[in-house]
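Each remark here refers to the structure printed beneath this line.
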Amino acid sequence: MTLIKNNKTLFLAFMLYVGVALLLPHRIGEVMDNSLYYFKELFEVIPLILLLTAMIDAWVPQELIGDKIGSDAGLKGYFFSLIIGSVSAGPIYAEFPVTKMLYKKGASLSNITVILSAWAVVKLPMLINEAKFLGFNYMITRWLTTIIAIMIMGTIVGRLVKRTDVDKNTITDDQKDLIAVNEAYCIGCGLCARIAPDYFEMVDKKAVLLNSEKVTLIDVKEIAKRCPAKAINM
Ligand code: SF4
């Protein structure tokens, strides 16, 4: 039972195959062929996407992502998100690990929505083909109206969906109010600031909290557990 519980999606897919084999045995060959086609495509694309995701994680500074496509980036954020989405290549499912990484590093949900949507419908090579087959006027009108629609969508998603809806480990405002460093206990070892420099800073050999959205509740719990002076309350 635990095996099934831990692999619910896989189990559901397996049951669907069994269902098709039992109820529509004449279609199972077609289903298997389609599945193999997508598996092959997945194995060709996913390693590259994982590499790209790891490179963003390792080399793109959080400050840069926060500045360009973070929640305070405003119209500049939409502009950069449109460019990122428009020049990106690859199938639609490949964008999710990349955008999750950008989100983890401080991109806002509005800008993530713009990147995802632009990736899906505003690819630059597609625009050239579109103009070639349907004419420049058609292409530019569709492109502009699509961009306006994407920005409206981004704004709506940013208003309606909270970071905690996407990642349950995001620290909520209420939890933020409870987290505190007991200055009297802090021995200034700097461990917390080394592990989570976005959330803790050393000032006069005492840890102080920074207002950052890039640290998860799990991170803070772990740091509080490892603090040698048990100086972090939450
Ligand atoms: S880990 Fe604990 S003792 Fe060390 S600096 Fe941070 S709060 Fe202070």
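Chain labels follow the order of the structure tokens: the first chain is A, the next B, and so on; residue numbering restarts at 1 in every chain, and ligands are counted from 1 in their shown order.
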
So that I can check the surroundings of region 186-188 of chain A, please list as a ChimeraX atom specification every protein, DNA and RNA residue that reaches within 12 Å of it, counting only C-alpha atoms and ignoring chain neighbours fewer than 4 positions away. /A:180-182,192-194,200-208,224,227-233

Would you save the residues from that selection as a compact mmCIF listing (two decimals), in the first residue's frame, using C-alpha atoms?
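Writing done, so here's selection_24.txt:
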# COMPACT_ATOMS: atom_id res chain seq x y z
CA ALA A 180 12.58 35.64 15.80
CA VAL A 181 16.19 35.47 16.91
CA ASN A 182 16.66 35.67 20.65
CA CYS A 192 22.29 30.51 10.14
CA ALA A 193 23.68 33.27 7.88
CA ARG A 194 25.95 30.77 6.10
CA PHE A 200 19.80 35.73 8.22
CA GLU A 201 22.48 38.39 8.43
CA MET A 202 25.18 38.88 11.04
CA VAL A 203 25.19 42.35 12.57
CA ASP A 204 27.61 43.06 15.43
CA LYS A 205 28.10 39.30 15.90
CA LYS A 206 24.37 38.72 16.33
CA ALA A 207 22.00 37.12 13.80
CA VAL A 208 19.20 39.32 12.49
CA ALA A 224 16.48 26.50 14.15
CA CYS A 227 21.41 26.54 15.93
CA PRO A 228 23.86 25.59 18.73
CA ALA A 229 22.35 28.16 21.13
CA LYS A 230 18.70 27.36 20.27
CA ALA A 231 18.32 31.08 19.68
CA ILE A 232 15.82 30.90 16.81
CA ASN A 233 12.19 30.88 17.90

For region 50-63 of chain A: contacts at 8 Å, only C-alpha atoms, fewer than 2 positions along chain excluded, given as a VMD selection string: chain A and resid 46 to 48 65 to 67 97 to 98 101 to 102 105 to 106

Contact residues around Val87 (chain A) with only C-alpha atoms at 9 Å, ignoring same-chain residues under 4 positions, as a PyMOL selection string: chain A and resi 82-83+118-119+122-125

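Between Val157 (chain A) and the candidates A:Ser117, A:Gln175, A:Thr141, A:Asn129, the tightest atom-to-atom separation, counting only C-alpha atoms, involves A:Ser117.
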
Skipping near chain neighbours, those fewer than 4 positions away, what residues fall within 10 Å of Leu116 (chain A) using only C-alpha atoms, listed as a PDB file with C-alpha atoms, in the first residue's frame?
ATOM      1  CA  SER A  81       9.468  37.596 -18.848  1.00  0.00           C
ATOM      2  CA  LEU A  82       8.137  38.074 -22.392  1.00  0.00           C
ATOM      3  CA  ILE A  84      12.603  34.838 -21.722  1.00  0.00           C
ATOM      4  CA  GLY A  85       9.423  33.045 -22.838  1.00  0.00           C
ATOM      5  CA  SER A  86       9.656  34.152 -26.477  1.00  0.00           C
ATOM      6  CA  SER A  88      12.958  29.762 -25.188  1.00  0.00           C
ATOM      7  CA  ILE A  92       5.618  22.947 -23.324  1.00  0.00           C
ATOM      8  CA  TYR A  93       6.185  20.442 -20.481  1.00  0.00           C
ATOM      9  CA  GLU A  95       9.164  24.785 -19.182  1.00  0.00           C
ATOM     10  CA  PHE A  96       7.804  23.730 -15.797  1.00  0.00           C
ATOM     11  CA  VAL A  98      12.737  25.888 -15.418  1.00  0.00           C
ATOM     12  CA  THR A  99       9.967  28.181 -14.204  1.00  0.00           C
ATOM     13  CA  ASN A 111       5.998  36.886 -14.294  1.00  0.00           C
ATOM     14  CA  ILE A 112       6.077  33.080 -14.197  1.00  0.00           C
ATOM     15  CA  ALA A 120       3.641  28.468 -25.357  1.00  0.00           C
ATOM     16  CA  VAL A 121       2.369  31.000 -27.915  1.00  0.00           C
ATOM     17  CA  VAL A 122       4.933  33.713 -28.715  1.00  0.00           C
ATOM     18  CA  ILE A 150      -0.796  37.368 -21.384  1.00  0.00           C
ATOM     19  CA  GLY A 154      -0.220  37.409 -15.302  1.00  0.00           C
TER      20      GLY A 154
END

Alpha helix (DSSP H) positions in region 64-142 of chain A, given as a ChimeraX atom specification: /A:64-69,74-87,95-104,109-121,124-134,136-142

Go ahead and compute the interatomic distance for CA of Tyr185 (chain A) and atom 3 (S, counted along the ligand's line) of ligand 1, in Å to one decimal. 7.0 Å

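Proximity ranking of A:Phe39, A:Ser110, A:Leu191, A:Tyr199 relative to ligand 1 places A:Leu191 first, based on only C-alpha atoms and all ligand atoms.
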
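CA of Val45 (chain A) is positioned 27.4 Å from CA of Arg27 (chain A).
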
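Across the structure, CA of Thr216 (chain A) and CA of Ser108 (chain A) are spaced 15.3 Å apart.
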
Hey, what does DSSP flag as strand (DSSP E) within region 4-213 of chain A? Can you give it to me as a list of chain:residue names?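 For region 4-213 of chain A, the strand (DSSP E) set is A:Ala180, A:Val181, A:Phe200, A:Glu201, A:Met202, A:Val203, A:Lys206, A:Ala207, A:Val208, A:Leu209.
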
Using N, CA, C and O atoms, can you export the residues from the last selection as a short mmCIF file (atom, residue, chain, number, x, y, z; two decimals), in the first residue's frame?
data_model
loop_
_atom_site.label_atom_id
_atom_site.label_comp_id
_atom_site.auth_asym_id
_atom_site.auth_seq_id
_atom_site.Cartn_x
_atom_site.Cartn_y
_atom_site.Cartn_z
N ALA A 180 11.77 34.57 15.18
CA ALA A 180 12.58 35.64 15.80
C ALA A 180 13.89 35.06 16.29
O ALA A 180 14.00 33.87 16.59
N VAL A 181 14.91 35.90 16.33
CA VAL A 181 16.19 35.47 16.91
C VAL A 181 16.27 36.06 18.32
O VAL A 181 16.09 37.27 18.50
N PHE A 200 19.10 35.31 7.01
CA PHE A 200 19.80 35.73 8.22
C PHE A 200 21.04 36.55 7.85
O PHE A 200 21.73 36.24 6.89
N GLU A 201 21.30 37.55 8.66
CA GLU A 201 22.48 38.39 8.43
C GLU A 201 23.15 38.60 9.79
O GLU A 201 22.47 38.70 10.81
N MET A 202 24.47 38.64 9.77
CA MET A 202 25.18 38.88 11.04
C MET A 202 25.42 40.39 11.19
O MET A 202 25.99 41.02 10.30
N VAL A 203 24.96 40.94 12.28
CA VAL A 203 25.19 42.35 12.57
C VAL A 203 25.75 42.43 14.00
O VAL A 203 25.10 41.95 14.95
N LYS A 206 25.68 39.27 15.97
CA LYS A 206 24.37 38.72 16.33
C LYS A 206 23.59 38.47 15.04
O LYS A 206 23.70 39.26 14.09
N ALA A 207 22.80 37.40 15.01
CA ALA A 207 22.00 37.12 13.80
C ALA A 207 20.76 38.00 13.80
O ALA A 207 20.09 38.15 14.83
N VAL A 208 20.47 38.58 12.64
CA VAL A 208 19.20 39.32 12.49
C VAL A 208 18.46 38.77 11.27
O VAL A 208 19.08 38.24 10.35
N LEU A 209 17.15 38.91 11.28
CA LEU A 209 16.34 38.36 10.19
C LEU A 209 16.21 39.36 9.05
O LEU A 209 16.07 40.56 9.29
#
